[in-house]
file entry_10.txt (compact mmCIF, C-alpha atoms and all ligand atoms)
# COMPACT_ATOMS: atom_id res chain seq x y z
CA MET O 17 -57.80 31.78 32.24
CA LYS O 18 -60.42 29.89 30.28
CA GLN O 19 -64.12 30.55 30.79
CA LYS O 20 -65.80 28.08 33.18
CA SER O 21 -68.67 26.14 31.68
CA ASN O 22 -71.39 23.94 33.18
CA THR O 23 -70.92 21.24 30.55
CA PRO O 24 -68.03 20.00 28.38
CA ARG O 25 -66.81 22.67 25.96
CA LEU O 26 -66.92 20.21 23.04
CA PRO O 27 -69.90 18.53 21.35
CA LEU O 28 -70.79 15.30 23.13
CA PRO O 29 -69.88 12.07 21.33
CA GLN O 30 -72.13 8.99 21.60
CA PRO O 31 -72.30 7.11 24.91
CA LEU O 32 -70.90 3.58 25.20
CA VAL O 33 -73.61 0.92 24.76
CA ALA O 34 -73.50 -2.86 25.12
CA VAL O 35 -74.97 -3.47 21.70
CA GLU O 36 -71.52 -2.58 20.27
CA ALA O 37 -70.40 -6.10 19.42
CA GLY O 38 -67.07 -7.36 20.70
CA THR O 39 -66.59 -4.53 23.21
CA PHE O 40 -65.83 -4.76 26.92
CA THR O 41 -69.14 -2.97 27.40
CA GLU O 42 -70.99 -5.82 25.72
CA PHE O 43 -69.01 -8.34 27.76
CA THR O 44 -69.88 -6.50 30.98
CA VAL O 45 -73.63 -6.30 30.43
CA THR O 46 -74.08 -9.75 28.92
CA GLN O 47 -71.61 -11.70 31.04
CA ARG O 48 -70.03 -9.82 33.95
CA MET O 49 -73.24 -8.36 35.33
CA PRO O 50 -75.09 -11.71 35.22
CA SER O 51 -72.22 -13.37 37.06
CA ILE O 52 -72.21 -10.59 39.68
CA ALA O 53 -75.96 -11.21 40.29
CA ARG O 54 -75.25 -14.95 40.63
CA ARG O 55 -72.36 -14.26 43.02
CA VAL O 56 -74.85 -12.37 45.22
CA ILE O 57 -76.97 -15.53 45.35
CA ALA O 58 -73.96 -17.69 46.23
CA GLU O 59 -72.50 -15.37 48.87
CA ASN O 60 -75.66 -14.53 50.81
CA LYS O 61 -78.39 -16.42 52.58
CA PHE O 62 -81.34 -14.79 50.88
CA PRO O 63 -84.61 -16.75 50.76
CA ALA O 64 -85.67 -18.68 47.64
CA ASN O 65 -87.97 -15.94 46.26
CA ILE O 66 -85.17 -13.33 46.36
CA ASN O 67 -82.72 -15.76 44.76
CA ALA O 68 -85.23 -16.56 42.02
CA SER O 69 -85.59 -12.84 41.22
CA LEU O 70 -81.80 -12.43 41.17
CA GLU O 71 -81.52 -15.38 38.79
CA LYS O 72 -84.25 -13.88 36.59
CA LEU O 73 -82.33 -10.59 36.46
CA ALA O 74 -79.11 -12.45 35.57
CA SER O 75 -80.73 -14.39 32.76
CA GLU O 76 -82.52 -11.33 31.30
CA LEU O 77 -79.50 -9.03 31.07
CA PRO O 78 -78.11 -10.28 27.73
CA SER O 79 -81.29 -9.69 25.72
CA GLY O 80 -84.13 -8.75 28.07
CA TYR O 81 -85.87 -5.45 28.78
CA LEU O 82 -85.39 -3.07 31.70
CA PRO O 83 -87.61 -4.05 34.62
CA THR O 84 -89.52 -1.28 36.35
CA LEU O 85 -88.60 -0.04 39.78
CA VAL O 86 -91.34 -0.24 42.39
CA ASP O 87 -91.53 2.12 45.33
CA ASP O 88 -89.25 0.36 47.77
CA THR O 89 -89.41 3.29 50.22
CA SER O 90 -85.94 4.56 49.36
CA SER O 91 -85.52 8.32 49.14
CA ASP O 92 -84.02 8.04 45.66
CA PHE O 93 -87.14 6.31 44.25
CA ALA O 94 -88.67 9.48 42.76
CA ASP O 95 -85.37 10.43 41.14
CA TRP O 96 -84.98 6.98 39.62
CA SER O 97 -88.55 7.07 38.25
CA ARG O 98 -87.53 10.25 36.42
CA TYR O 99 -84.20 8.84 35.19
CA LEU O 100 -85.96 5.73 33.86
CA GLU O 101 -88.57 7.64 31.89
CA PRO O 102 -86.61 7.83 28.57
CA TYR O 103 -85.58 4.16 28.69
CA LYS O 104 -88.94 2.46 29.19
CA GLU O 105 -89.32 -0.76 27.22
CA GLN O 106 -85.71 -0.76 26.09
CA ARG O 107 -83.24 -3.60 26.40
CA TRP O 108 -80.32 -3.50 28.83
CA ILE O 109 -77.94 -3.72 25.90
CA ASP O 110 -79.45 -0.75 24.02
CA ILE O 111 -79.25 1.92 26.70
CA PRO O 112 -76.13 3.89 27.71
CA TRP O 113 -73.80 1.57 29.59
CA PHE O 114 -73.34 3.82 32.62
CA PHE O 115 -77.09 3.96 33.04
CA ALA O 116 -77.39 0.19 32.64
CA GLU O 117 -74.72 -0.46 35.25
CA THR O 118 -75.98 2.00 37.87
CA TYR O 119 -79.56 0.81 37.40
CA PHE O 120 -78.48 -2.84 37.63
CA TYR O 121 -77.01 -2.24 41.09
CA ARG O 122 -79.99 -0.15 42.20
CA TYR O 123 -82.50 -2.73 40.93
CA LEU O 124 -80.55 -5.51 42.62
CA LEU O 125 -81.17 -3.75 45.95
CA GLN O 126 -84.87 -3.60 45.23
CA ILE O 127 -84.80 -7.38 44.79
CA THR O 128 -82.89 -7.98 48.02
CA ASN O 129 -85.23 -5.67 49.99
CA TYR O 130 -82.35 -3.44 50.99
CA PHE O 131 -84.59 -0.44 51.67
CA ARG O 132 -87.76 -2.14 52.92
CA ALA O 133 -88.33 -2.55 56.66
CA GLY O 134 -87.70 -6.18 57.61
CA GLU O 135 -85.04 -8.83 57.92
CA TRP O 136 -83.00 -7.79 54.86
CA GLN O 137 -83.12 -4.04 55.33
CA GLY O 138 -79.61 -2.55 55.18
CA VAL O 139 -77.97 -5.91 54.40
CA ASP O 140 -75.05 -5.23 52.06
CA PRO O 141 -75.10 -8.03 49.47
CA PHE O 142 -71.38 -7.47 48.84
CA GLU O 143 -70.30 -7.50 52.50
CA LEU O 144 -68.40 -10.78 52.25
CA GLN O 145 -66.34 -9.58 49.28
CA LYS O 146 -65.51 -6.29 50.99
CA ARG O 147 -64.34 -8.04 54.15
CA GLN O 148 -62.32 -10.61 52.22
CA GLY O 149 -60.70 -7.77 50.25
CA LEU O 150 -59.32 -6.34 53.49
CA GLU O 151 -58.19 -9.65 54.93
CA THR O 152 -56.26 -10.79 51.86
CA SER O 153 -54.32 -7.53 51.64
CA LEU O 154 -53.22 -7.38 55.28
CA ASP O 155 -49.48 -7.74 54.55
CA SER O 156 -49.58 -4.83 52.12
CA ILE O 157 -51.57 -2.79 54.66
CA VAL O 158 -48.90 -3.35 57.35
CA ALA O 159 -46.14 -2.26 54.96
CA LEU O 160 -48.01 0.86 53.89
CA CYS O 161 -48.94 1.93 57.44
CA THR O 162 -45.31 1.47 58.53
CA GLN O 163 -44.17 3.74 55.74
CA VAL O 164 -46.74 6.45 56.57
CA ASN O 165 -45.86 6.34 60.28
CA GLY O 166 -42.20 6.78 59.33
CA TRP O 167 -42.94 9.86 57.25
CA LEU O 168 -45.12 11.41 59.92
CA ASN O 169 -42.55 10.80 62.65
CA VAL O 170 -40.07 13.16 61.02
CA SER O 171 -40.61 16.28 63.12
CA GLU O 172 -39.52 19.01 60.68
CA GLN O 173 -41.39 18.42 57.45
CA GLU O 174 -39.56 20.02 54.52
CA ASN O 175 -41.66 20.74 51.46
CA GLN O 176 -39.49 18.47 49.36
CA SER O 177 -39.87 15.45 51.65
CA ARG O 178 -43.58 16.14 51.92
CA GLN O 179 -43.81 16.05 48.15
CA THR O 180 -41.90 12.77 47.97
CA ALA O 181 -44.31 11.18 50.46
CA LEU O 182 -47.33 12.62 48.68
CA ILE O 183 -46.21 11.35 45.29
CA THR O 184 -45.75 7.85 46.69
CA LEU O 185 -49.19 7.96 48.30
CA LEU O 186 -50.80 9.22 45.09
CA TYR O 187 -49.30 6.19 43.33
CA PHE O 188 -50.67 3.90 46.04
CA GLY O 189 -54.05 5.53 45.57
CA LEU O 190 -53.72 4.87 41.86
CA TRP O 191 -52.58 1.24 41.94
CA GLY O 192 -54.85 0.44 44.87
CA ASN O 193 -57.60 1.00 42.31
CA ARG O 194 -56.49 -2.16 40.52
CA VAL O 195 -57.98 -4.17 43.37
CA ASP O 196 -61.52 -4.06 42.07
CA LEU O 197 -63.90 -6.69 43.34
CA SER O 198 -66.37 -6.24 40.50
CA LEU O 199 -63.69 -7.50 38.14
CA TRP O 200 -61.61 -9.86 40.26
CA SER O 201 -63.14 -11.70 43.17
CA ALA O 202 -61.53 -11.11 46.57
CA PHE O 203 -61.21 -14.88 46.80
CA GLU O 204 -58.75 -14.93 43.90
CA THR O 205 -55.12 -13.74 44.19
CA ASP O 206 -54.04 -10.79 46.32
CA ARG O 207 -53.76 -7.92 43.82
CA SER O 208 -52.57 -5.43 46.43
CA ARG O 209 -48.90 -6.36 45.86
CA PHE O 210 -47.21 -4.09 43.43
CA ASP O 211 -43.91 -2.35 43.09
CA ILE O 212 -44.37 1.36 42.58
CA GLN O 213 -41.02 1.76 40.75
CA ASN O 214 -41.78 -1.02 38.26
CA GLN O 215 -45.22 0.38 37.65
CA GLN O 216 -43.90 3.81 36.61
CA SER O 217 -43.82 2.99 32.89
CA HIS O 218 -47.50 1.98 33.09
CA ILE O 219 -48.65 5.50 33.98
CA LEU O 220 -49.95 6.99 30.75
CA VAL O 221 -50.42 10.51 32.11
CA ASP O 222 -48.50 11.45 35.23
CA ASP O 223 -49.28 14.81 36.84
CA ALA O 224 -48.32 13.64 40.35
CA LEU O 225 -45.60 16.26 40.80
CA LYS O 226 -47.95 19.09 39.78
CA VAL O 227 -50.56 17.77 42.19
CA THR O 228 -48.13 17.81 45.10
CA GLU O 229 -47.01 21.35 44.21
CA LEU O 230 -50.63 22.44 44.28
CA LEU O 231 -51.13 20.72 47.62
CA VAL O 232 -48.09 22.04 49.46
CA ASN O 233 -48.83 25.56 48.21
CA SER O 234 -52.48 25.45 49.24
CA ASN O 235 -52.06 26.91 52.73
CA SER O 236 -53.28 23.87 54.56
CA GLY O 237 -56.82 24.04 53.22
CA ARG O 238 -59.42 21.44 52.36
CA VAL O 239 -59.09 18.37 50.16
CA ASP O 240 -62.06 16.30 48.93
CA PHE O 241 -62.05 12.68 47.83
CA VAL O 242 -64.72 11.14 45.60
CA VAL O 243 -64.05 7.68 46.94
CA ASP O 244 -64.22 4.41 45.01
CA ASN O 245 -63.65 0.92 46.41
CA ALA O 246 -63.62 -0.36 49.98
CA GLY O 247 -60.88 -2.86 50.86
CA PHE O 248 -57.21 -2.22 50.09
CA GLU O 249 -57.96 0.78 47.85
CA LEU O 250 -59.79 2.54 50.69
CA VAL O 251 -56.84 1.87 53.03
CA CYS O 252 -54.50 3.47 50.46
CA ASP O 253 -56.81 6.49 50.26
CA LEU O 254 -57.00 6.74 54.04
CA CYS O 255 -53.19 6.65 54.24
CA LEU O 256 -53.09 9.66 51.92
CA VAL O 257 -55.75 11.37 54.06
CA ASP O 258 -53.76 10.60 57.21
CA TYR O 259 -50.59 12.05 55.70
CA LEU O 260 -52.36 15.17 54.40
CA LEU O 261 -53.77 15.91 57.85
CA GLY O 262 -50.78 14.71 59.90
CA SER O 263 -48.23 16.71 57.88
CA GLY O 264 -50.37 19.84 57.91
CA VAL O 265 -50.70 19.90 54.11
CA ALA O 266 -54.48 19.89 54.64
CA SER O 267 -56.53 20.95 57.64
CA LEU O 268 -59.78 19.35 56.51
CA VAL O 269 -60.61 16.34 54.34
CA ARG O 270 -64.08 15.42 53.16
CA LEU O 271 -64.78 11.95 51.80
CA HIS O 272 -67.72 11.55 49.39
CA LEU O 273 -69.10 8.04 49.74
CA LYS O 274 -71.95 6.02 48.26
CA SER O 275 -75.38 6.04 49.90
CA HIS O 276 -76.00 2.36 49.18
CA PRO O 277 -74.04 -0.70 47.98
CA THR O 278 -73.10 -0.43 44.31
CA PHE O 279 -70.48 -1.62 41.79
CA VAL O 280 -69.78 -4.48 44.25
CA SER O 281 -67.01 -2.89 46.30
CA ASP O 282 -67.82 0.83 46.32
CA ALA O 283 -67.33 2.31 49.77
CA MET O 284 -70.11 3.66 51.97
CA ILE O 285 -69.77 5.55 55.27
CA LYS O 286 -70.23 2.29 57.20
CA ASP O 287 -67.34 0.75 55.24
CA VAL O 288 -64.99 3.50 56.46
CA HIS O 289 -66.03 2.74 60.05
CA GLN O 290 -65.75 -1.02 59.53
CA THR O 291 -62.32 -0.55 57.97
CA THR O 292 -60.99 1.49 60.89
CA GLU O 293 -62.42 -1.05 63.34
CA PHE O 294 -60.83 -3.90 61.40
CA LEU O 295 -57.45 -2.10 61.48
CA LEU O 296 -57.85 -1.27 65.16
CA ALA O 297 -58.27 -4.97 65.93
CA SER O 298 -54.89 -5.74 64.32
CA SER O 299 -52.06 -7.04 66.48
CA ASN O 300 -49.62 -4.81 64.63
CA PRO O 301 -48.93 -1.45 66.37
CA GLU O 302 -48.08 0.27 63.06
CA VAL O 303 -51.60 -0.51 61.89
CA THR O 304 -53.39 0.31 65.13
CA SER O 305 -51.69 3.69 65.54
CA PHE O 306 -52.82 4.60 62.02
CA ALA O 307 -56.38 3.48 62.77
CA LYS O 308 -56.46 5.45 66.03
CA ARG O 309 -55.41 8.63 64.25
CA LEU O 310 -58.19 8.11 61.72
CA GLN O 311 -60.75 7.73 64.48
CA GLU O 312 -59.48 10.90 66.14
CA TYR O 313 -59.69 12.81 62.87
CA ILE O 314 -63.27 11.63 62.42
CA ALA O 315 -64.16 12.57 66.01
CA SER O 316 -62.61 16.04 65.66
CA GLU O 317 -64.30 16.51 62.27
CA GLN O 318 -61.03 17.12 60.48
CA LEU O 319 -62.09 14.10 58.48
CA VAL O 320 -65.71 14.35 57.41
CA LEU O 321 -67.62 11.42 55.91
CA SER O 322 -70.53 12.33 53.66
CA ASP O 323 -72.77 10.65 51.13
CA ASP O 324 -75.20 11.80 48.48
CA TYR O 325 -77.53 9.96 46.10
CA PHE O 326 -75.87 11.76 43.19
CA TRP O 327 -72.93 9.34 43.53
CA THR O 328 -75.16 6.30 42.93
CA SER O 329 -77.19 7.98 40.20
CA PRO O 330 -76.75 7.45 36.43
CA LEU O 331 -75.97 11.16 35.90
CA ALA O 332 -72.80 12.49 34.28
CA PHE O 333 -70.48 14.48 36.53
CA TRP O 334 -71.49 17.75 34.90
CA GLU O 335 -75.07 17.12 36.09
CA ILE O 336 -73.90 17.43 39.68
CA PRO O 337 -76.53 19.14 41.89
CA GLU O 338 -75.82 22.80 42.61
CA SER O 339 -75.64 22.20 46.39
CA LEU O 340 -72.89 19.59 46.00
CA LYS O 341 -71.04 21.76 43.51
CA ASN O 342 -71.16 24.73 45.90
CA ASP O 343 -69.86 22.55 48.67
CA LEU O 344 -66.96 21.34 46.48
CA SER O 345 -66.10 24.92 45.60
CA HIS O 346 -64.65 25.31 49.13
CA SER O 347 -62.03 22.68 48.41
CA ASN O 348 -58.48 23.16 47.13
CA LEU O 349 -58.44 19.86 45.28
CA ILE O 350 -60.90 17.08 44.44
CA VAL O 351 -59.30 13.64 44.24
CA ILE O 352 -61.49 11.50 41.99
CA LYS O 353 -60.89 7.81 42.40
CA GLY O 354 -61.33 4.91 40.05
CA ASP O 355 -62.71 3.85 36.75
CA ALA O 356 -66.45 4.36 37.22
CA ASN O 357 -65.97 7.90 38.57
CA TYR O 358 -63.69 8.63 35.60
CA ARG O 359 -66.38 7.38 33.23
CA ARG O 360 -68.81 9.72 34.96
CA LEU O 361 -66.37 12.64 34.48
CA LEU O 362 -66.36 11.96 30.74
CA GLY O 363 -70.09 11.16 30.61
CA ASP O 364 -69.03 7.60 29.59
CA ARG O 365 -68.76 8.69 25.98
CA HIS O 366 -66.65 7.85 22.96
CA TRP O 367 -64.17 10.73 23.18
CA ASP O 368 -61.10 10.52 21.04
CA PHE O 369 -58.45 9.35 23.54
CA THR O 370 -56.23 12.35 22.71
CA THR O 371 -58.96 14.97 23.40
CA LYS O 372 -57.71 17.55 25.89
CA ILE O 373 -59.30 16.50 29.17
CA SER O 374 -59.63 20.13 30.30
CA ASP O 375 -61.97 20.71 27.34
CA ILE O 376 -64.26 18.02 28.73
CA VAL O 377 -63.85 18.48 32.48
CA CYS O 378 -64.28 22.26 32.50
CA TYR O 379 -67.32 22.30 34.77
CA LEU O 380 -65.76 21.76 38.21
CA PRO O 381 -65.34 24.73 40.53
CA VAL O 382 -61.81 23.76 41.69
CA PRO O 383 -58.90 21.64 40.43
CA MET O 384 -59.34 17.88 40.31
CA VAL O 385 -57.00 14.93 39.97
CA ALA O 386 -58.22 11.59 38.65
CA LEU O 387 -56.42 8.50 40.00
CA ARG O 388 -57.67 5.74 37.74
CA THR O 389 -56.52 2.39 36.44
CA LEU O 390 -58.12 1.72 33.08
CA LYS O 391 -60.94 -0.83 33.13
CA SER O 392 -63.19 0.49 30.36
CA GLU O 393 -62.94 1.79 26.82
CA VAL O 394 -63.05 5.44 27.86
CA ALA O 395 -60.11 7.84 27.99
CA ALA O 396 -58.96 11.37 27.24
CA GLY O 397 -55.83 13.48 27.51
CA ILE O 398 -53.37 10.84 26.31
CA LYS O 399 -50.52 12.17 24.13
CA PRO O 400 -50.59 10.70 20.59
CA GLU O 401 -47.10 9.17 20.95
CA VAL O 402 -48.02 7.55 24.29
CA LEU O 403 -51.21 6.21 22.77
CA GLU O 404 -49.37 4.75 19.83
CA GLU O 405 -46.86 3.05 22.12
CA VAL O 406 -49.41 1.50 24.49
CA GLU O 407 -51.62 0.29 21.63
CA LYS O 408 -48.59 -1.51 20.21
CA SER O 409 -47.45 -3.04 23.47
CA ASP O 410 -50.72 -4.29 25.01
CA SER O 411 -53.90 -5.02 23.08
CA ALA O 412 -55.94 -5.11 26.31
CA TRP O 413 -54.54 -1.86 27.77
CA LEU O 414 -57.95 -0.18 28.02
CA THR O 415 -59.53 -2.77 30.25
CA ASN O 416 -56.99 -4.98 32.01
CA GLY O 417 -56.29 -2.60 34.92
CA GLN O 418 -52.54 -2.68 34.24
CA TRP O 419 -52.35 0.92 33.03
CA GLY O 420 -53.17 4.07 34.92
CA VAL O 421 -53.45 7.85 34.89
CA VAL O 422 -52.76 10.57 37.45
CA GLN O 423 -54.52 13.32 35.56
CA LEU O 424 -54.80 16.86 36.87
CA VAL O 425 -57.29 19.39 35.55
CA ASP O 426 -56.69 22.87 36.89
CA ASN O 427 -58.79 25.37 35.00
CA ASN O 428 -57.82 28.24 37.30
O1 LIG D 1 -63.93 0.39 40.93
P1 LIG D 1 -63.77 1.11 39.67
O2 LIG D 1 -62.35 1.48 39.42
O3 LIG D 1 -64.70 2.25 39.56
O4 LIG D 1 -64.12 0.12 38.53
C1 LIG D 1 -65.33 -0.54 38.55
C2 LIG D 1 -65.96 -0.61 37.25
O5 LIG D 1 -65.08 -0.66 36.21
C3 LIG D 1 -65.75 -1.28 35.17
O6 LIG D 1 -65.17 -2.49 34.95
C4 LIG D 1 -65.62 -0.52 33.95
O7 LIG D 1 -65.87 0.81 34.23
C5 LIG D 1 -67.12 -1.45 35.63
O8 LIG D 1 -67.83 -2.35 34.93
C6 LIG D 1 -66.72 -1.82 36.98
O9 LIG D 1 -67.66 -2.20 37.77
call {"tool": "encode", "arguments": {"input": "entry_10.txt", "output": "C-alpha cells"}}
result
Amino acid sequence: MKQKSNTPRLPLPQPLVAVEAGTFTEFTVTQRMPSIARRVIAENKFPANINASLEKLASELPSGYLPTLVDDTSSDFADWSRYLEPYKEQRWIDIPWFFAETYFYRYLLQITNYFRAGEWQGVDPFELQKRQGLETSLDSIVALCTQVNGWLNVSEQENQSRQTALITLLYFGLWGNRVDLSLWSAFETDRSRFDIQNQQSHILVDDALKVTELLVNSNSGRVDFVVDNAGFELVCDLCLVDYLLGSGVASLVRLHLKSHPTFVSDAMIKDVHQTTEFLLASSNPEVTSFAKRLQEYIASEQLVLSDDYFWTSPLAFWEIPESLKNDLSHSNLIVIKGDANYRRLLGDRHWDFTTKISDIVCYLPVPMVALRTLKSEVAAGIKPEVLEEVEKSDSAWLTNGQWGVVQLVDNN
C-alpha cells in the first residue's frame, strides 16, 4: 500500500491559462465566457443597470482586468477576498483558468444581486437553461427510468446481474455528462440520445467493472457523489443512486451539490428538488414511480443532499477543507462527475496525459471514480497506445465531449 499524501506525489506542472494562444482555454475565456454573460442578459428580465454590468463584464473578459468583489453579504465573501489577493490587477487571460472561470461565475452573481436582499435575491440566472435541459431529454428519461424499474423489479438480485446494471448506469452517468449547457445550449439539439454499445470505443480508460466489484463487495455502505450538471445528467446520476439504494448495494448516498449557480448548469440542492417535482408531474408511471422513490429516500435520509462553498471555490481538490475530507472518509466510494470536477482533481494543470493518475490523486481518504467526458485540455492516466490512437483519429478529442473516462483511483 502506498503512503497517503495531502497533495499530489509529483511536482506540480503549470496551470492552464488563457494567454496560451490557440488553446480551448483561450477560446473559453475570450469567447465562450462573454457569450455566457450575454446569454444571461437574453434569458432573464434583469433591469437595465444589471444588464449594462453584464455587458461590461462580457466585453472586458478578452483583455480586461479582474474586477474587485464587493461585500454582497454572501458567506463566501471573506474567502473570495483571500483567494483574490494574489491576482489583483491581473488580466482574466493571465490568471489560472480554473480561477478565472470560478470567479467569473461568482462575480456574475454579484452583478445580478443574487445574494443581496431584494427582488433578485436567489434568482438563478441559468434557470431557463436548466429547465429546458430536462424538457428536451424527456424521451431519454422515460427509457432510462423504465430500464431501472425493470432491474429493481427482479426480486432475487444476483451479484452478476447487479454488476451488469451498475455498469450500464455508470456509462449513463458518463455520457450524460456530454449534455453540458455551458457548451451547448439546451435550445439546440437533444444530446441525451446515445447508444451505450456504440460509445464503448470512445471510452479511453474504462474501470467500470472494477468499480462495480468494489461496490458489490462493500457491504452495503455509503457512496458519495460530487455532482455536476442538472438536467439529463442529474437524472442519470439519480438513476444510479436509485439502483444503488434499491438493490441494497448501498445503504446511504450523499450528494455534494453547489451552494450557488455556477458553470451554467451545475446542480444545487434546489435543482434536485425541482427535478424530482418535474418527474413527479410526468404522465408516465415509469417516471413517477422513480421520482416517488427518490422523494422517499430523501425523506428517510438514505439520500442526503448537502452543499459546501468549497465546491464553488477556485481551490484544487487537494485543498479540500479537513471537515469535508473527514466526512468523505466514511464513504466506500466517491463518484466524481464531469469535466470541471476532473480539472479540480488535477489542479487544472498541464500534466503529461500518460501520468499515472494515482500519483496525482493520492490525497483522497477513500477510492474515487471519475466519470468525465473530455471538454478541456487536461488529462492523466491514458495508456500511451490509446493516446496515440485517439490523437490520430480525432484532432478535437480533448474538448469535443465525444470521448470519456471511467477512471478509478483506489489507493487502499
Ligand atoms: O459540466 P462539466 O462537465 O463540468 O463541464 C463544464 C466545463 O467544461 C469546460 O468546458 C471545460 O472544463 C468548462 O469551460 C465548462 O464550463
call {"tool": "residues_near_ligand", "arguments": {"input": "entry_10.txt", "ligand": "ligand LIG 1 (chain D)", "cutoff": "9 Å", "atoms": "all atoms listed in the file", "output": "compact mmCIF listing (two decimals) with C-alpha atoms, in the coordinates of the input"}}
result
# COMPACT_ATOMS: atom_id res chain seq x y z
CA PHE O 40 -65.83 -4.76 26.92
CA THR O 41 -69.14 -2.97 27.40
CA THR O 44 -69.88 -6.50 30.98
CA VAL O 45 -73.63 -6.30 30.43
CA ARG O 48 -70.03 -9.82 33.95
CA MET O 49 -73.24 -8.36 35.33
CA TRP O 113 -73.80 1.57 29.59
CA PHE O 114 -73.34 3.82 32.62
CA GLU O 117 -74.72 -0.46 35.25
CA ASN O 193 -57.60 1.00 42.31
CA ARG O 194 -56.49 -2.16 40.52
CA VAL O 195 -57.98 -4.17 43.37
CA ASP O 196 -61.52 -4.06 42.07
CA LEU O 197 -63.90 -6.69 43.34
CA SER O 198 -66.37 -6.24 40.50
CA LEU O 199 -63.69 -7.50 38.14
CA ASP O 244 -64.22 4.41 45.01
CA ASN O 245 -63.65 0.92 46.41
CA THR O 278 -73.10 -0.43 44.31
CA PHE O 279 -70.48 -1.62 41.79
CA VAL O 280 -69.78 -4.48 44.25
CA SER O 281 -67.01 -2.89 46.30
CA ASP O 282 -67.82 0.83 46.32
CA LYS O 353 -60.89 7.81 42.40
CA GLY O 354 -61.33 4.91 40.05
CA ASP O 355 -62.71 3.85 36.75
CA ALA O 356 -66.45 4.36 37.22
CA ASN O 357 -65.97 7.90 38.57
CA TYR O 358 -63.69 8.63 35.60
CA ARG O 359 -66.38 7.38 33.23
CA ASP O 364 -69.03 7.60 29.59
CA ARG O 388 -57.67 5.74 37.74
CA THR O 389 -56.52 2.39 36.44
CA LEU O 390 -58.12 1.72 33.08
CA LYS O 391 -60.94 -0.83 33.13
CA SER O 392 -63.19 0.49 30.36
CA GLU O 393 -62.94 1.79 26.82
CA VAL O 394 -63.05 5.44 27.86
CA THR O 415 -59.53 -2.77 30.25
CA GLY O 417 -56.29 -2.60 34.92
call {"tool": "atom_distance", "arguments": {"input": "entry_10.txt", "atom1": "CA of Leu331 in chain O", "atom2": "CA of Ile111 in chain O"}}
result
13.4 Å
call {"tool": "atom_distance", "arguments": {"input": "entry_10.txt", "atom1": "CA of Asn169 in chain O", "atom2": "CA of Ser263 in chain O"}}
result
9.5 Å
call {"tool": "atom_distance", "arguments": {"input": "entry_10.txt", "atom1": "CA of Asp140 in chain O", "atom2": "CA of Pro277 in chain O"}}
result
6.2 Å
call {"tool": "residues_around", "arguments": {"input": "entry_10.txt", "residues": "Ser217 in chain O", "least_positions_apart": "2", "cutoff": "12 Å", "atoms": "all atoms listed in the file", "output": "PDB file with C-alpha atoms, in the coordinates of the input"}}
result
ATOM      1  CA  ASP O 211     -43.910  -2.350  43.090  1.00  0.00           C
ATOM      2  CA  ILE O 212     -44.370   1.360  42.580  1.00  0.00           C
ATOM      3  CA  GLN O 213     -41.020   1.760  40.750  1.00  0.00           C
ATOM      4  CA  ASN O 214     -41.780  -1.020  38.260  1.00  0.00           C
ATOM      5  CA  GLN O 215     -45.220   0.380  37.650  1.00  0.00           C
ATOM      6  CA  ILE O 219     -48.650   5.500  33.980  1.00  0.00           C
ATOM      7  CA  LEU O 220     -49.950   6.990  30.750  1.00  0.00           C
ATOM      8  CA  VAL O 221     -50.420  10.510  32.110  1.00  0.00           C
ATOM      9  CA  ASP O 222     -48.500  11.450  35.230  1.00  0.00           C
ATOM     10  CA  VAL O 402     -48.020   7.550  24.290  1.00  0.00           C
ATOM     11  CA  GLU O 405     -46.860   3.050  22.120  1.00  0.00           C
ATOM     12  CA  VAL O 406     -49.410   1.500  24.490  1.00  0.00           C
ATOM     13  CA  SER O 409     -47.450  -3.040  23.470  1.00  0.00           C
ATOM     14  CA  GLN O 418     -52.540  -2.680  34.240  1.00  0.00           C
ATOM     15  CA  TRP O 419     -52.350   0.920  33.030  1.00  0.00           C
ATOM     16  CA  GLY O 420     -53.170   4.070  34.920  1.00  0.00           C
ATOM     17  CA  VAL O 421     -53.450   7.850  34.890  1.00  0.00           C
TER      18      VAL O 421
END
call {"tool": "closest_residue", "arguments": {"input": "entry_10.txt", "among": "O:Lys286, O:His218, O:Lys146, O:Arg270", "to": "Ile350 in chain O", "atoms": "only C-alpha atoms"}}
result
O:Arg270
call {"tool": "residues_around", "arguments": {"input": "entry_10.txt", "residues": "Leu225 in chain O", "least_positions_apart": "5", "cutoff": "9 Å", "atoms": "all atoms listed in the file", "output": "PDB file with C-alpha atoms, keeping the file's coordinate frame"}}
result
ATOM      1  CA  GLN O 179     -43.810  16.050  48.150  1.00  0.00           C
ATOM      2  CA  THR O 180     -41.900  12.770  47.970  1.00  0.00           C
ATOM      3  CA  LEU O 182     -47.330  12.620  48.680  1.00  0.00           C
ATOM      4  CA  ILE O 183     -46.210  11.350  45.290  1.00  0.00           C
ATOM      5  CA  LEU O 230     -50.630  22.440  44.280  1.00  0.00           C
TER       6      LEU O 230
END
call {"tool": "closest_residue", "arguments": {"input": "entry_10.txt", "among": "O:Ser298, O:Asn348, O:Ser75, O:Gln318", "to": "Val158 in chain O", "atoms": "all atoms listed in the file"}}
result
O:Ser298
call {"tool": "closest_residue", "arguments": {"input": "entry_10.txt", "among": "O:Pro83, O:Pro31, O:Pro24, O:Gly149", "to": "Leu380 in chain O", "atoms": "all atoms listed in the file"}}
result
O:Pro24
call {"tool": "closest_residue", "arguments": {"input": "entry_10.txt", "among": "O:Leu349, O:Leu310, O:Leu271, O:Ala283", "to": "Ser322 in chain O", "atoms": "all atoms listed in the file"}}
result
O:Leu271
call {"tool": "decode", "arguments": {"input": "entry_10.txt", "residues": "range 97-101 of chain O", "atoms": "N, CA and C atoms", "output": "mmCIF file, in the first residue's frame"}}
result
data_model
loop_
_atom_site.group_PDB
_atom_site.id
_atom_site.type_symbol
_atom_site.label_atom_id
_atom_site.label_comp_id
_atom_site.auth_asym_id
_atom_site.auth_seq_id
_atom_site.Cartn_x
_atom_site.Cartn_y
_atom_site.Cartn_z
ATOM 1 N N SER O 97 -12.244 37.135 -0.912
ATOM 2 C CA SER O 97 -11.303 38.257 -0.776
ATOM 3 C C SER O 97 -9.893 37.699 -0.623
ATOM 4 N N ARG O 98 -9.772 36.608 0.104
ATOM 5 C CA ARG O 98 -8.477 35.957 0.311
ATOM 6 C C ARG O 98 -7.986 35.306 -1.000
ATOM 7 N N TYR O 99 -8.878 34.597 -1.680
ATOM 8 C CA TYR O 99 -8.462 33.938 -2.933
ATOM 9 C C TYR O 99 -7.973 34.963 -3.954
ATOM 10 N N LEU O 100 -8.618 36.157 -3.944
ATOM 11 C CA LEU O 100 -8.324 37.151 -4.984
ATOM 12 C C LEU O 100 -7.004 37.884 -4.752
ATOM 13 N N GLU O 101 -6.560 37.846 -3.510
ATOM 14 C CA GLU O 101 -5.369 38.622 -3.115
ATOM 15 C C GLU O 101 -4.202 38.497 -4.119
#
